[in-house]
Structures are given as structure tokens and as C-alpha cells.
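J.: For reference, this is final.csv, and it has CSV, C-alpha atoms.
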```csv
chain,number,residue,atom,x,y,z
H,14,MET,CA,8.8,42.9,0.8
H,15,GLY,CA,9.1,40.1,-1.7
H,16,GLU,CA,8.1,36.5,-0.9
H,17,GLU,CA,10.9,34.5,0.7
H,18,LYS,CA,12.3,32.1,-1.9
H,19,LYS,CA,11.7,28.4,-1.0
H,20,SER,CA,14.5,25.9,-1.3
H,21,ILE,CA,14.0,22.8,-3.6
H,22,PHE,CA,13.3,20.7,-0.5
H,23,GLU,CA,10.5,23.0,0.7
H,24,THR,CA,8.7,22.9,-2.6
H,25,GLU,CA,5.9,20.3,-2.8
H,26,LEU,CA,6.3,17.8,-5.7
H,27,ASP,CA,3.3,18.3,-7.9
H,28,TYR,CA,1.1,15.2,-8.7
H,29,LYS,CA,2.3,14.8,-12.3
H,30,LYS,CA,6.1,14.8,-11.5
H,31,GLY,CA,5.4,12.8,-8.3
H,32,GLY,CA,3.4,10.2,-10.1
H,33,VAL,CA,6.0,9.8,-12.9
H,34,ILE,CA,8.9,9.6,-10.5
H,35,LEU,CA,7.2,7.2,-8.1
H,36,GLY,CA,6.0,5.1,-11.1
H,37,ILE,CA,9.6,4.8,-12.4
H,38,MET,CA,10.9,4.0,-9.0
H,39,LEU,CA,8.4,1.1,-8.7
H,40,VAL,CA,9.5,-0.2,-12.0
H,41,LEU,CA,13.2,-0.1,-11.0
H,42,LEU,CA,12.2,-1.9,-7.7
H,43,VAL,CA,11.2,-5.1,-9.5
H,44,ILE,CA,14.4,-5.4,-11.7
H,45,PRO,CA,16.4,-8.2,-10.1
H,46,ALA,CA,19.7,-6.8,-11.2
H,47,LEU,CA,19.1,-3.8,-9.0
H,48,GLY,CA,19.0,-6.0,-5.9
H,49,TYR,CA,15.4,-6.0,-4.7
H,50,GLY,CA,13.6,-7.8,-7.5
H,51,ARG,CA,10.0,-7.6,-6.3
H,52,ALA,CA,7.1,-5.2,-6.2
H,53,TRP,CA,6.3,-2.8,-3.4
H,54,ALA,CA,4.3,-3.9,-0.3
H,55,PHE,CA,4.9,-3.6,3.4
H,56,ALA,CA,2.8,-6.5,4.7
H,57,GLY,CA,5.7,-9.0,4.8
H,58,GLY,CA,7.8,-6.5,6.8
H,59,LEU,CA,5.0,-5.9,9.3
H,60,ARG,CA,4.6,-9.7,9.7
H,61,TRP,CA,8.3,-9.9,10.3
H,62,ILE,CA,8.2,-7.3,13.0
H,63,ASP,CA,5.2,-9.0,14.7
H,64,LYS,CA,6.7,-12.5,14.4
H,65,THR,CA,10.0,-11.2,15.9
H,66,ILE,CA,8.4,-9.5,18.8
H,67,ILE,CA,5.8,-12.3,19.6
H,68,GLY,CA,8.4,-15.0,19.0
H,69,ALA,CA,10.7,-13.4,21.6
H,70,ILE,CA,7.9,-13.2,24.2
H,71,SER,CA,6.1,-16.4,23.5
H,72,PRO,CA,7.7,-18.8,20.9
H,73,ASP,CA,4.9,-21.3,21.3
H,74,THR,CA,2.3,-18.8,20.0
H,75,ILE,CA,4.2,-18.6,16.7
H,76,ALA,CA,4.8,-22.4,16.5
H,77,GLY,CA,1.1,-23.2,17.2
H,78,ASN,CA,-0.4,-20.9,14.6
H,79,PRO,CA,-0.3,-21.9,10.9
H,80,PHE,CA,-0.5,-18.2,9.8
H,81,TRP,CA,3.1,-17.7,10.7
H,82,ARG,CA,4.2,-20.7,8.7
H,83,ILE,CA,2.0,-20.0,5.6
H,84,LEU,CA,2.7,-16.4,5.0
H,85,LYS,CA,6.3,-15.1,4.6
H,86,ALA,CA,7.8,-12.7,7.0
H,87,ASN,CA,10.5,-10.7,5.2
H,88,PRO,CA,13.3,-9.0,7.2
H,89,GLU,CA,14.3,-7.1,4.1
H,90,VAL,CA,10.8,-5.6,3.8
H,91,ALA,CA,11.0,-4.5,7.4
H,92,LEU,CA,14.3,-2.8,6.7
H,93,MET,CA,12.8,-1.1,3.7
H,94,LEU,CA,10.0,0.1,6.0
H,95,ALA,CA,12.5,1.5,8.5
H,96,PHE,CA,14.3,3.4,5.8
H,97,PHE,CA,11.0,4.6,4.3
H,98,VAL,CA,10.3,6.2,7.7
H,99,LEU,CA,13.8,7.6,7.7
H,100,GLY,CA,13.4,9.0,4.2
H,101,SER,CA,10.1,10.7,5.2
H,102,PHE,CA,11.8,12.1,8.3
H,103,VAL,CA,14.7,13.6,6.3
H,104,ALA,CA,12.3,15.1,3.8
H,105,ALA,CA,10.2,16.5,6.6
H,106,VAL,CA,13.2,18.1,8.3
H,107,LEU,CA,14.6,19.6,5.1
H,108,SER,CA,11.2,21.0,4.2
H,109,LYS,CA,10.8,22.3,7.8
H,110,GLU,CA,7.6,20.2,8.2
H,111,PHE,CA,8.8,18.0,11.0
H,112,VAL,CA,6.6,18.6,14.1
H,113,ILE,CA,6.1,16.2,16.9
H,114,GLY,CA,2.4,16.3,17.8
H,115,MET,CA,-0.7,14.4,18.5
H,116,ASP,CA,-4.4,15.0,18.0
H,117,LYS,CA,-6.1,13.5,21.1
H,118,GLN,CA,-9.5,13.9,19.5
H,119,PHE,CA,-8.6,11.2,17.0
H,120,LEU,CA,-7.0,8.8,19.4
H,121,LEU,CA,-9.9,6.3,19.2
H,122,GLU,CA,-9.9,6.5,15.4
H,123,SER,CA,-6.1,5.8,15.4
H,124,ILE,CA,-6.6,2.7,17.6
H,125,VAL,CA,-9.6,1.3,15.8
H,126,GLY,CA,-8.4,2.2,12.3
H,127,GLY,CA,-5.0,0.6,12.9
H,128,PHE,CA,-6.5,-2.5,14.3
H,129,LEU,CA,-8.9,-2.9,11.3
H,130,MET,CA,-6.0,-2.4,8.9
H,131,GLY,CA,-4.1,-5.1,10.7
H,132,VAL,CA,-6.9,-7.7,10.5
H,133,GLY,CA,-7.4,-6.6,6.8
H,134,ILE,CA,-3.7,-7.3,6.1
H,135,VAL,CA,-4.2,-10.9,7.4
H,136,LEU,CA,-7.2,-11.5,5.2
H,137,ILE,CA,-5.9,-9.9,2.0
H,138,THR,CA,-2.3,-11.2,2.8
H,139,THR,CA,-1.0,-7.8,1.7
H,140,CYS,CA,-1.5,-4.1,2.4
H,141,ASN,CA,-3.2,-1.5,0.3
H,142,VAL,CA,0.1,-0.7,-1.5
H,143,GLY,CA,0.5,-4.4,-2.3
H,144,CYS,CA,-3.1,-4.5,-3.6
H,145,PHE,CA,-3.2,-1.3,-5.8
H,146,LEU,CA,0.4,-0.7,-6.8
H,147,ASN,CA,1.7,-4.3,-6.9
H,148,GLY,CA,-1.1,-6.9,-7.5
H,149,LEU,CA,-3.3,-4.7,-9.7
H,150,PRO,CA,-0.5,-3.9,-12.3
H,151,GLN,CA,0.4,-7.6,-12.3
H,152,LEU,CA,-3.3,-8.4,-13.2
H,153,ASN,CA,-3.8,-10.4,-10.0
H,154,LEU,CA,-7.4,-11.3,-9.3
H,155,GLY,CA,-7.0,-11.3,-5.5
H,156,ALA,CA,-5.7,-7.8,-5.6
H,157,MET,CA,-8.7,-6.7,-7.8
H,158,ILE,CA,-11.3,-8.3,-5.5
H,159,ALA,CA,-9.6,-6.8,-2.4
H,160,GLY,CA,-9.4,-3.5,-4.3
H,161,VAL,CA,-13.2,-3.4,-4.7
H,162,GLY,CA,-13.6,-4.1,-1.0
H,163,LEU,CA,-11.0,-1.4,-0.2
H,164,ILE,CA,-13.0,1.2,-2.2
H,165,ILE,CA,-16.3,0.2,-0.4
H,166,GLY,CA,-14.6,0.2,3.0
H,167,THR,CA,-12.9,3.6,2.3
H,168,TYR,CA,-16.3,5.1,1.4
H,169,ILE,CA,-17.9,3.8,4.6
H,170,GLY,CA,-15.0,4.8,6.8
H,171,GLY,CA,-14.7,8.2,4.9
H,172,LYS,CA,-18.4,9.0,5.7
H,173,TYR,CA,-17.6,8.4,9.4
H,174,TYR,CA,-14.5,10.5,9.2
H,175,GLU,CA,-16.3,13.3,7.5
H,176,LYS,CA,-19.0,13.3,10.2
H,177,LYS,CA,-16.4,13.3,13.0
H,178,VAL,CA,-14.5,16.3,11.4
H,179,MET,CA,-17.8,18.2,11.0
H,180,SER,CA,-18.8,17.6,14.6
H,181,LEU,CA,-15.6,19.1,16.0
U,26,MET,CA,29.1,-9.0,4.1
U,27,VAL,CA,25.6,-7.4,3.8
U,28,GLU,CA,23.5,-9.1,1.1
U,29,PRO,CA,22.6,-6.9,-1.9
U,30,VAL,CA,18.8,-7.3,-1.2
U,31,TYR,CA,19.3,-5.5,2.2
U,32,ILE,CA,21.3,-2.6,0.6
U,33,SER,CA,18.7,-2.3,-2.1
U,34,ALA,CA,15.8,-2.4,0.3
U,35,ALA,CA,17.4,0.4,2.4
U,36,VAL,CA,18.1,2.6,-0.6
U,37,PHE,CA,14.7,2.2,-2.3
U,38,GLY,CA,13.0,2.5,1.1
U,39,PHE,CA,14.7,5.8,1.8
U,40,ILE,CA,14.0,7.3,-1.7
U,41,LEU,CA,10.3,6.1,-1.6
U,42,GLY,CA,9.9,7.6,1.9
U,43,PHE,CA,11.4,10.9,0.7
U,44,LEU,CA,9.3,11.0,-2.5
U,45,VAL,CA,6.0,10.1,-0.7
U,46,GLN,CA,6.6,12.9,1.9
U,47,ARG,CA,7.3,15.5,-0.7
U,48,SER,CA,4.5,14.5,-3.1
U,49,ARG,CA,1.9,13.8,-0.3
U,50,PHE,CA,0.9,10.6,-2.0
U,51,CYS,CA,-1.7,8.6,-0.1
U,52,MET,CA,-4.1,5.9,-1.4
U,53,THR,CA,-6.7,6.7,1.2
U,54,SER,CA,-6.9,10.2,0.1
U,55,ALA,CA,-6.9,9.1,-3.6
U,56,ILE,CA,-10.1,7.1,-3.0
U,57,ARG,CA,-11.8,9.0,-0.2
U,58,ASP,CA,-11.3,12.5,-1.6
U,59,PHE,CA,-12.6,11.5,-5.0
U,60,LEU,CA,-15.7,9.6,-3.6
U,61,LEU,CA,-16.7,12.1,-1.0
U,62,PHE,CA,-15.3,15.5,-2.2
U,63,LYS,CA,-14.6,15.0,-5.9
U,64,VAL,CA,-11.0,16.1,-5.3
U,65,THR,CA,-8.8,14.1,-7.7
U,66,ARG,CA,-5.2,15.1,-7.1
U,67,ASN,CA,-4.1,11.9,-5.5
U,68,LEU,CA,-6.3,9.7,-7.7
U,69,LYS,CA,-4.6,11.2,-10.8
U,70,MET,CA,-1.3,10.6,-9.2
U,71,ALA,CA,-2.3,6.9,-8.6
U,72,LEU,CA,-3.4,6.6,-12.2
U,73,ILE,CA,-0.1,7.9,-13.5
U,74,ILE,CA,1.7,5.3,-11.4
U,75,LEU,CA,-0.6,2.6,-12.6
U,76,VAL,CA,-0.1,3.5,-16.2
U,77,ILE,CA,3.7,3.2,-15.8
U,78,THR,CA,3.7,0.1,-13.6
U,79,THR,CA,1.0,-1.9,-15.4
U,80,PHE,CA,2.8,-1.5,-18.7
U,81,PHE,CA,6.2,-2.4,-17.4
U,82,TYR,CA,5.2,-5.1,-14.9
U,83,THR,CA,3.2,-7.0,-17.5
U,84,LEU,CA,6.0,-6.6,-20.0
U,85,PHE,CA,8.5,-7.9,-17.5
U,86,LEU,CA,6.1,-10.8,-16.6
U,87,THR,CA,5.8,-11.7,-20.3
U,88,PHE,CA,9.6,-12.1,-20.3
U,89,ASN,CA,9.8,-13.7,-16.8
U,90,VAL,CA,12.0,-10.8,-15.5
U,91,PHE,CA,10.6,-11.1,-12.0
U,92,LYS,CA,8.3,-13.4,-10.1
U,93,PRO,CA,4.7,-12.2,-9.7
U,94,THR,CA,3.5,-11.4,-6.2
U,95,PRO,CA,1.2,-14.2,-4.9
U,96,ILE,CA,-2.0,-12.6,-3.6
U,97,PRO,CA,-4.7,-15.2,-3.0
U,98,ALA,CA,-8.3,-14.5,-4.3
U,99,GLY,CA,-11.4,-15.4,-2.4
U,100,TRP,CA,-14.2,-14.2,-0.1
U,101,PHE,CA,-11.4,-13.2,2.4
U,102,SER,CA,-10.0,-10.7,-0.2
U,103,PHE,CA,-13.2,-8.9,-0.3
U,104,VAL,CA,-13.9,-8.9,3.4
U,105,GLY,CA,-10.3,-8.0,4.2
U,106,GLY,CA,-10.5,-5.2,1.7
U,107,ILE,CA,-13.6,-3.7,3.3
U,108,LEU,CA,-12.1,-4.0,6.8
U,109,PHE,CA,-8.8,-2.5,5.7
U,110,GLY,CA,-10.7,0.3,3.8
U,111,ILE,CA,-12.8,1.3,6.8
U,112,GLY,CA,-9.6,1.2,8.9
U,113,MET,CA,-7.5,3.4,6.7
U,114,ALA,CA,-10.3,5.9,6.2
U,115,ILE,CA,-11.0,6.4,9.9
U,116,ALA,CA,-7.3,6.4,10.7
U,117,GLY,CA,-6.9,9.1,8.1
U,118,GLY,CA,-4.2,7.4,6.1
U,119,CYS,CA,-3.2,4.2,4.3
U,120,VAL,CA,0.0,2.1,5.1
U,121,ILE,CA,2.2,4.5,3.0
U,122,SER,CA,1.0,7.7,4.6
U,123,THR,CA,0.9,6.1,8.1
U,124,PHE,CA,4.6,5.5,8.0
U,125,SER,CA,5.3,8.7,6.1
U,126,ARG,CA,3.6,10.7,8.8
U,127,ILE,CA,5.5,8.8,11.5
U,128,GLY,CA,8.6,10.2,9.9
U,129,GLN,CA,7.0,13.7,10.1
U,130,GLY,CA,6.6,13.3,13.9
U,131,ASN,CA,2.8,12.6,14.1
U,132,ILE,CA,2.2,10.5,17.2
U,133,ASN,CA,-1.3,9.5,16.1
U,134,TYR,CA,0.2,7.4,13.3
U,135,VAL,CA,2.6,5.7,15.7
U,136,ILE,CA,-0.5,4.5,17.5
U,137,VAL,CA,-2.0,3.5,14.1
U,138,ALA,CA,1.1,1.4,13.4
U,139,ILE,CA,1.2,-0.2,16.8
U,140,PHE,CA,-2.5,-1.2,16.5
U,141,MET,CA,-1.9,-2.4,13.0
U,142,LEU,CA,0.7,-4.9,14.4
U,143,ILE,CA,-1.8,-5.9,17.1
U,144,GLY,CA,-4.5,-6.3,14.4
U,145,ILE,CA,-2.2,-8.7,12.5
U,146,TYR,CA,-1.5,-10.7,15.6
U,147,VAL,CA,-5.2,-11.0,16.6
U,148,GLY,CA,-6.2,-11.6,13.0
U,149,SER,CA,-3.6,-14.4,12.7
U,150,TYR,CA,-5.9,-16.5,14.9
U,151,LEU,CA,-8.4,-16.6,12.0
U,152,PHE,CA,-6.0,-19.2,10.5
U,153,LYS,CA,-6.6,-21.4,13.5
U,154,LEU,CA,-10.3,-20.8,13.8
U,155,ILE,CA,-11.3,-21.2,10.1
U,156,PRO,CA,-8.3,-23.0,8.5
U,157,ASN,CA,-10.1,-24.6,5.6
U,158,ALA,CA,-11.7,-21.3,4.4
U,159,LEU,CA,-8.4,-19.4,4.2
U,160,PRO,CA,-5.4,-19.7,1.9
U,161,PRO,CA,-3.6,-22.0,1.1
U,162,LYS,CA,-6.5,-24.6,1.3
U,163,THR,CA,-8.8,-22.7,-0.9
U,164,GLN,CA,-9.3,-23.2,-4.7
U,165,LEU,CA,-10.6,-20.7,-7.3
U,166,PHE,CA,-11.0,-21.5,-11.0
U,167,GLY,CA,-8.9,-24.6,-10.3
U,168,TYR,CA,-6.0,-22.5,-8.9
U,169,LYS,CA,-4.6,-23.5,-5.5
U,170,ALA,CA,-4.9,-20.9,-2.8
U,171,GLY,CA,-6.9,-18.8,-5.3
U,172,LEU,CA,-3.7,-17.5,-6.9
U,173,VAL,CA,-5.2,-16.3,-10.1
U,174,TRP,CA,-3.7,-13.9,-12.7
U,175,LEU,CA,-6.0,-12.7,-15.5
U,176,HIS,CA,-3.5,-13.5,-18.2
U,177,LYS,CA,-3.3,-17.1,-17.0
U,178,LEU,CA,-7.1,-17.3,-16.7
U,179,PHE,CA,-7.5,-16.1,-20.3
U,180,ASN,CA,-4.3,-17.9,-21.5
U,181,VAL,CA,-2.7,-14.8,-23.2
U,182,PRO,CA,0.7,-13.2,-22.7
U,183,PRO,CA,0.6,-10.7,-19.7
U,184,ILE,CA,1.5,-7.7,-22.0
U,185,VAL,CA,-1.7,-8.2,-24.1
U,186,LEU,CA,-4.0,-7.5,-21.1
U,187,GLY,CA,-1.4,-5.2,-19.7
U,188,ILE,CA,-1.8,-2.8,-22.7
U,189,ILE,CA,-5.6,-2.9,-22.4
U,190,PHE,CA,-5.3,-2.0,-18.6
U,191,THR,CA,-2.7,0.6,-19.3
U,192,VAL,CA,-5.0,2.3,-21.9
U,193,ILE,CA,-7.9,2.2,-19.4
U,194,PHE,CA,-5.9,3.8,-16.7
U,195,ALA,CA,-4.5,6.4,-19.2
U,196,LEU,CA,-8.1,7.2,-20.4
U,197,ALA,CA,-9.3,7.6,-16.9
U,198,TYR,CA,-6.5,10.0,-16.2
U,199,ILE,CA,-7.2,12.0,-19.3
U,200,TYR,CA,-10.9,12.1,-18.5
U,201,LEU,CA,-10.3,13.6,-15.1
U,202,GLU,CA,-7.8,16.1,-16.4
U,203,ARG,CA,-10.2,17.3,-19.2
U,204,LYS,CA,-13.2,17.3,-16.9
U,205,GLU,CA,-11.4,19.6,-14.5
U,206,SER,CA,-10.1,22.0,-17.2
U,207,LEU,CA,-13.6,22.7,-18.5
```
Would it be possible to restate this file's structure as C-alpha cells?

T.:
Amino acid sequence: MGEEKKSIFETELDYKKGGVILGIMLVLLVIPALGYGRAWAFAGGLRWIDKTIIGAISPDTIAGNPFWRILKANPEVALMLAFFVLGSFVAAVLSKEFVIGMDKQFLLESIVGGFLMGVGIVLITTCNVGCFLNGLPQLNLGAMIAGVGLIIGTYIGGKYYEKKVMSL
Amino acid sequence: MVEPVYISAAVFGFILGFLVQRSRFCMTSAIRDFLLFKVTRNLKMALIILVITTFFYTLFLTFNVFKPTPIPAGWFSFVGGILFGIGMAIAGGCVISTFSRIGQGNINYVIVAIFMLIGIYVGSYLFKLIPNALPPKTQLFGYKAGLVWLHKLFNVPPIVLGIIFTVIFALAYIYLERKESL
């Protein structure tokens, strides 16, 4: 019996093609004539989601904290984030990789990890994408300093993750 | 009528989500897999992206095609980077792969995203607790809020440093490829 032929959507994009296509997409993203006109980051969208939810529950909380005035909350970035999830969903369905599931053994790590990423986003004022694929190629010093911290943090967190995986 | 920026955000978002899922791109794995296991697949992918974006972004900045992203520089960048790095490593994915895996149906990453939003909310109180130490009240090299770009610091056109950085990223990529082919 021969191996079943995979469709184009089931074949993984290799790192060279993937890197080149993603790189070109990120260049197109910043060209104002194409409508978006800024580099990739999700922090502004996450801030918008937070601000919208908290603002609906407790408007005074937003008004009384300078953070929400100083840093932009962008609805268009939140929309991009939603369509990013949709794009991943469609790709996962087409490649037959869509599976609803949860690993309970990593529940605490998901909670703590997500929380630390959130606090980190406040301090860096952007996310890791904004740091490495946006600020760094624009020669931004803040992105470079944060990038060094990100590498150190990933090493520390990675060591913990490795121990956890080995202990299971 | 819907503004073009929203249409563009939706189209680019969808394509990027699709590409990230099919290429398995993840910044956490790019750094973690290299540092801990010497696996370089995602690091090489990140370097390819950086070669392309660094050259074109600095070229575009030289001709004022788009506005640079304001990311402040200071102690908070470093501390924030460490916290974010620990977080993404123990959560098992960066912001990109968190949202990509939500699209794949992974509930753990829905929890990561919810707590990321809670982390932003709790972290926002730092701006009330230590307002003078955080942007926009900080200064670095005389730049307000620490908004420093290397080309401004060295007073050269962005593309000049851009070419140097592009070459560095390209050499790093070639080094990894050659090392692995031996």
C-alpha cells in the first residue's frame, strides 16, 4: 500500500519558505497604501480588549489609572488578533489538526505563564512580536533591551518547563 | 462604510494566522529550543524574517514611508522582558503561538490568553504605584520616555545601520545552516 497523498493544506510549510513568506508579509504590513501601515504587534489589541471589558464593568477604574491614557488601545489590532485566530482555525481544520483539548497537568503553568506575560506587556509596552519582529528591525533600543531580558527569561522559564516535562 | 485599516487588519490577520499555523512559527521555541536543546529550526526562521524586515523597515524609515513604533527604553524594558520571557517559556508559547493554538482548539492557551489580559490589568497599577519611574516620564540619552532609535543616537540614516544588522542576521543564519550540514 502506498502512502496516502497529502493535500497542500496538510503539508507543513518548511522554515525557509515560511520565513521568507512571513518576512514579505511583515514588509507589506507597514506599507501605508495597503491600509495597515504599521509593524506587527498584538499588545495594543490586548490593551483594547482589556480596556473595553474593564471600562464596561467599572469605568472609574479606567479613568483613574494613567496607564489607560498613556498607552494606546487599538481596536484595529484587536480585530487583527481575532482574524489571526480565525486564520489559524481555518488552517488547522484544513490540515485536519483541529482538536479541542486541554492538558490539565499544565493548568498552573498556563495561569502563571499568561499572567507574567501580561505584566511583561505592561512594562515593555509591547509583546514579544513587537519586540523582536517590529522594534528590533526598526533599530529601537527599548526593543533590544527587552529582547535581552526576554532571552534570559526564556532560559529561566525553559529550565523549569524542561524539569516539569521530565518529571511527568 | 468600513475604514480601510479595519479591512486590512482583518485580511493581514487572517493570512498571518494561517501562515503561523502551517509553518509552526513560535518565538519561544526559537529561543528556548536553541538555548536548551540546540534545535535551530524556529531560530533560523526568525533570522530569515529579521533579514527581510530589517532591510526593508530601515529602508522605509530612511524615506519616511511609515512611522516607527514607539517602544520606550529603560530598566522596565529589561525587567518586563525577563517576566515576559519566563511567562512564555512556562506557558509553552509566545503571544503568536498562544493565539495560533487557540485557533487549533487548545484550551490551555485560552487560559493563557485570559490570564494575559488579567496580567495587563494588574500590571497597569504599576503606573499608579511608581508613575515617575515608568514612561512617559523617563528620559534616556536625552530622549523623552526613552524613545531611542540607534540611527538617531548615532545620527546616521536608518538604512546604514540597517544594512549592518541585516548582514549580521544573515551571517548568523548561514553559520547555523553550515554548522548543521557538517

J.: Would you mind listing what lies within 8 Å of segment 75-86 of chain U as a ChimeraX atom specification, with all atoms listed in the file counted and same-chain residues fewer than 3 positions away left out?

T.: /H:33,36-37,39-40,146,149-152 /U:71-72,89-93,183-184,187-188,190-192,194-195

J.: Work out how far apart atom CA of Tyr173 of chain H and atom CA of Arg49 of chain U are and give it in Å to one decimal.

T.: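 These two atoms are separated by 22.4 Å.
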
J.: Of the residues H:Phe145, H:Phe97, H:Ser108, H:Ser180, which is the one nearest to chain U, using all atoms listed in the file?

T.: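 Looking only at the distances to chain U, the closest residue turns out to be H:Phe97.
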
J.: What's the separation between atom CA of Leu207 of chain U and atom CA of Val45 of chain U, in Å to one decimal place?

T.: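 Going from atom CA of Leu207 of chain U over to atom CA of Val45 of chain U covers 29.3 Å.
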
J.: Provide the atom CA of Val132 of chain H to atom CA of Tyr146 of chain U distance in Å, to one decimal place.

T.: 8.0 Å

J.: Go through U:Leu61, U:Val173, U:Ile143, U:Ile155 one by one, measure the shortest atom-to-atom distance of each to Met130 of chain H using only C-alpha atoms, and give the residue with the smallest value.

T.: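 That would be U:Ile143, the residue with the smallest distance to Met130 of chain H.
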
J.: Neighbouring residues of segment 98-107 of chain U were defined as those with any atom within 7 Å, considering all atoms listed in the file; residues of the same chain fewer than 2 positions away were excluded. Please report them as a PyMOL selection string.

T.: (chain H and resi 133-134+136-137+154-155+158-160+162-163+165-166) or (chain U and resi 96+109-111+171-173)

J.: Mind writing the picked residues with C-alpha atoms as a compact mmCIF listing (two decimals), keeping the file's coordinate frame?

T.:
```txt
# COMPACT_ATOMS: atom_id res chain seq x y z
CA GLY H 133 -7.40 -6.60 6.80
CA ILE H 134 -3.70 -7.30 6.10
CA LEU H 136 -7.20 -11.50 5.20
CA ILE H 137 -5.90 -9.90 2.00
CA LEU H 154 -7.40 -11.30 -9.30
CA GLY H 155 -7.00 -11.30 -5.50
CA ILE H 158 -11.30 -8.30 -5.50
CA ALA H 159 -9.60 -6.80 -2.40
CA GLY H 160 -9.40 -3.50 -4.30
CA GLY H 162 -13.60 -4.10 -1.00
CA LEU H 163 -11.00 -1.40 -0.20
CA ILE H 165 -16.30 0.20 -0.40
CA GLY H 166 -14.60 0.20 3.00
CA ILE U 96 -2.00 -12.60 -3.60
CA PHE U 109 -8.80 -2.50 5.70
CA GLY U 110 -10.70 0.30 3.80
CA ILE U 111 -12.80 1.30 6.80
CA GLY U 171 -6.90 -18.80 -5.30
CA LEU U 172 -3.70 -17.50 -6.90
CA VAL U 173 -5.20 -16.30 -10.10
```

J.: Place all heavy atoms on segment 171-178 of chain H and deliver the coordinates as a PDB file, in the coordinates of the input.

T.:
```
ATOM      1  N   GLY H 171     -14.826   6.744   5.276  1.00  0.00           N
ATOM      2  CA  GLY H 171     -14.700   8.200   4.900  1.00  0.00           C
ATOM      3  C   GLY H 171     -15.929   8.953   5.369  1.00  0.00           C
ATOM      4  O   GLY H 171     -15.813  10.092   5.824  1.00  0.00           O
ATOM      5  N   LYS H 172     -17.114   8.323   5.260  1.00  0.00           N
ATOM      6  CA  LYS H 172     -18.400   9.000   5.700  1.00  0.00           C
ATOM      7  C   LYS H 172     -18.287   9.233   7.218  1.00  0.00           C
ATOM      8  O   LYS H 172     -18.698  10.295   7.697  1.00  0.00           O
ATOM      9  CB  LYS H 172     -19.568   8.090   5.387  1.00  0.00           C
ATOM     10  CG  LYS H 172     -20.035   8.216   3.954  1.00  0.00           C
ATOM     11  CD  LYS H 172     -20.831   9.508   3.801  1.00  0.00           C
ATOM     12  CE  LYS H 172     -21.317   9.709   2.382  1.00  0.00           C
ATOM     13  NZ  LYS H 172     -21.763  11.103   2.157  1.00  0.00           N
ATOM     14  N   TYR H 173     -17.779   8.225   7.950  1.00  0.00           N
ATOM     15  CA  TYR H 173     -17.600   8.400   9.400  1.00  0.00           C
ATOM     16  C   TYR H 173     -16.661   9.522   9.705  1.00  0.00           C
ATOM     17  O   TYR H 173     -16.919  10.381  10.539  1.00  0.00           O
ATOM     18  CB  TYR H 173     -17.142   7.073  10.039  1.00  0.00           C
ATOM     19  CG  TYR H 173     -16.694   7.270  11.462  1.00  0.00           C
ATOM     20  CD1 TYR H 173     -17.611   7.284  12.504  1.00  0.00           C
ATOM     21  CD2 TYR H 173     -15.351   7.515  11.768  1.00  0.00           C
ATOM     22  CE1 TYR H 173     -17.214   7.524  13.808  1.00  0.00           C
ATOM     23  CE2 TYR H 173     -14.932   7.758  13.075  1.00  0.00           C
ATOM     24  CZ  TYR H 173     -15.874   7.750  14.086  1.00  0.00           C
ATOM     25  OH  TYR H 173     -15.468   8.007  15.369  1.00  0.00           O
ATOM     26  N   TYR H 174     -15.527   9.498   9.025  1.00  0.00           N
ATOM     27  CA  TYR H 174     -14.500  10.500   9.200  1.00  0.00           C
ATOM     28  C   TYR H 174     -14.990  11.908   8.969  1.00  0.00           C
ATOM     29  O   TYR H 174     -14.721  12.843   9.716  1.00  0.00           O
ATOM     30  CB  TYR H 174     -13.288  10.164   8.319  1.00  0.00           C
ATOM     31  CG  TYR H 174     -12.019  10.922   8.618  1.00  0.00           C
ATOM     32  CD1 TYR H 174     -11.166  10.509   9.634  1.00  0.00           C
ATOM     33  CD2 TYR H 174     -11.657  12.041   7.867  1.00  0.00           C
ATOM     34  CE1 TYR H 174      -9.987  11.200   9.908  1.00  0.00           C
ATOM     35  CE2 TYR H 174     -10.491  12.735   8.124  1.00  0.00           C
ATOM     36  CZ  TYR H 174      -9.657  12.310   9.145  1.00  0.00           C
ATOM     37  OH  TYR H 174      -8.496  12.993   9.408  1.00  0.00           O
ATOM     38  N   GLU H 175     -15.763  12.024   7.899  1.00  0.00           N
ATOM     39  CA  GLU H 175     -16.300  13.300   7.500  1.00  0.00           C
ATOM     40  C   GLU H 175     -17.265  13.835   8.633  1.00  0.00           C
ATOM     41  O   GLU H 175     -17.198  15.000   9.021  1.00  0.00           O
ATOM     42  CB  GLU H 175     -17.138  13.125   6.220  1.00  0.00           C
ATOM     43  CG  GLU H 175     -17.619  14.410   5.592  1.00  0.00           C
ATOM     44  CD  GLU H 175     -18.512  14.161   4.381  1.00  0.00           C
ATOM     45  OE1 GLU H 175     -18.986  13.019   4.198  1.00  0.00           O
ATOM     46  OE2 GLU H 175     -18.754  15.111   3.636  1.00  0.00           O
ATOM     47  N   LYS H 176     -18.124  12.914   9.165  1.00  0.00           N
ATOM     48  CA  LYS H 176     -19.000  13.300  10.200  1.00  0.00           C
ATOM     49  C   LYS H 176     -18.269  13.745  11.478  1.00  0.00           C
ATOM     50  O   LYS H 176     -18.624  14.717  12.124  1.00  0.00           O
ATOM     51  CB  LYS H 176     -19.935  12.098  10.618  1.00  0.00           C
ATOM     52  CG  LYS H 176     -21.252  12.075   9.882  1.00  0.00           C
ATOM     53  CD  LYS H 176     -22.147  11.000  10.459  1.00  0.00           C
ATOM     54  CE  LYS H 176     -23.379  10.843   9.582  1.00  0.00           C
ATOM     55  NZ  LYS H 176     -24.174   9.693   9.993  1.00  0.00           N
ATOM     56  N   LYS H 177     -17.219  13.009  11.785  1.00  0.00           N
ATOM     57  CA  LYS H 177     -16.400  13.300  13.000  1.00  0.00           C
ATOM     58  C   LYS H 177     -15.765  14.700  12.821  1.00  0.00           C
ATOM     59  O   LYS H 177     -15.802  15.507  13.748  1.00  0.00           O
ATOM     60  CB  LYS H 177     -15.327  12.239  13.126  1.00  0.00           C
ATOM     61  CG  LYS H 177     -14.239  12.568  14.119  1.00  0.00           C
ATOM     62  CD  LYS H 177     -14.447  11.949  15.454  1.00  0.00           C
ATOM     63  CE  LYS H 177     -13.403  12.404  16.452  1.00  0.00           C
ATOM     64  NZ  LYS H 177     -13.483  11.764  17.721  1.00  0.00           N
ATOM     65  N   VAL H 178     -15.195  14.959  11.645  1.00  0.00           N
ATOM     66  CA  VAL H 178     -14.500  16.300  11.400  1.00  0.00           C
ATOM     67  C   VAL H 178     -15.570  17.384  11.511  1.00  0.00           C
ATOM     68  O   VAL H 178     -15.317  18.425  12.122  1.00  0.00           O
ATOM     69  CB  VAL H 178     -13.831  16.272  10.033  1.00  0.00           C
ATOM     70  CG1 VAL H 178     -13.331  17.670   9.693  1.00  0.00           C
ATOM     71  CG2 VAL H 178     -12.665  15.298  10.023  1.00  0.00           C
TER      72      VAL H 178
END
```
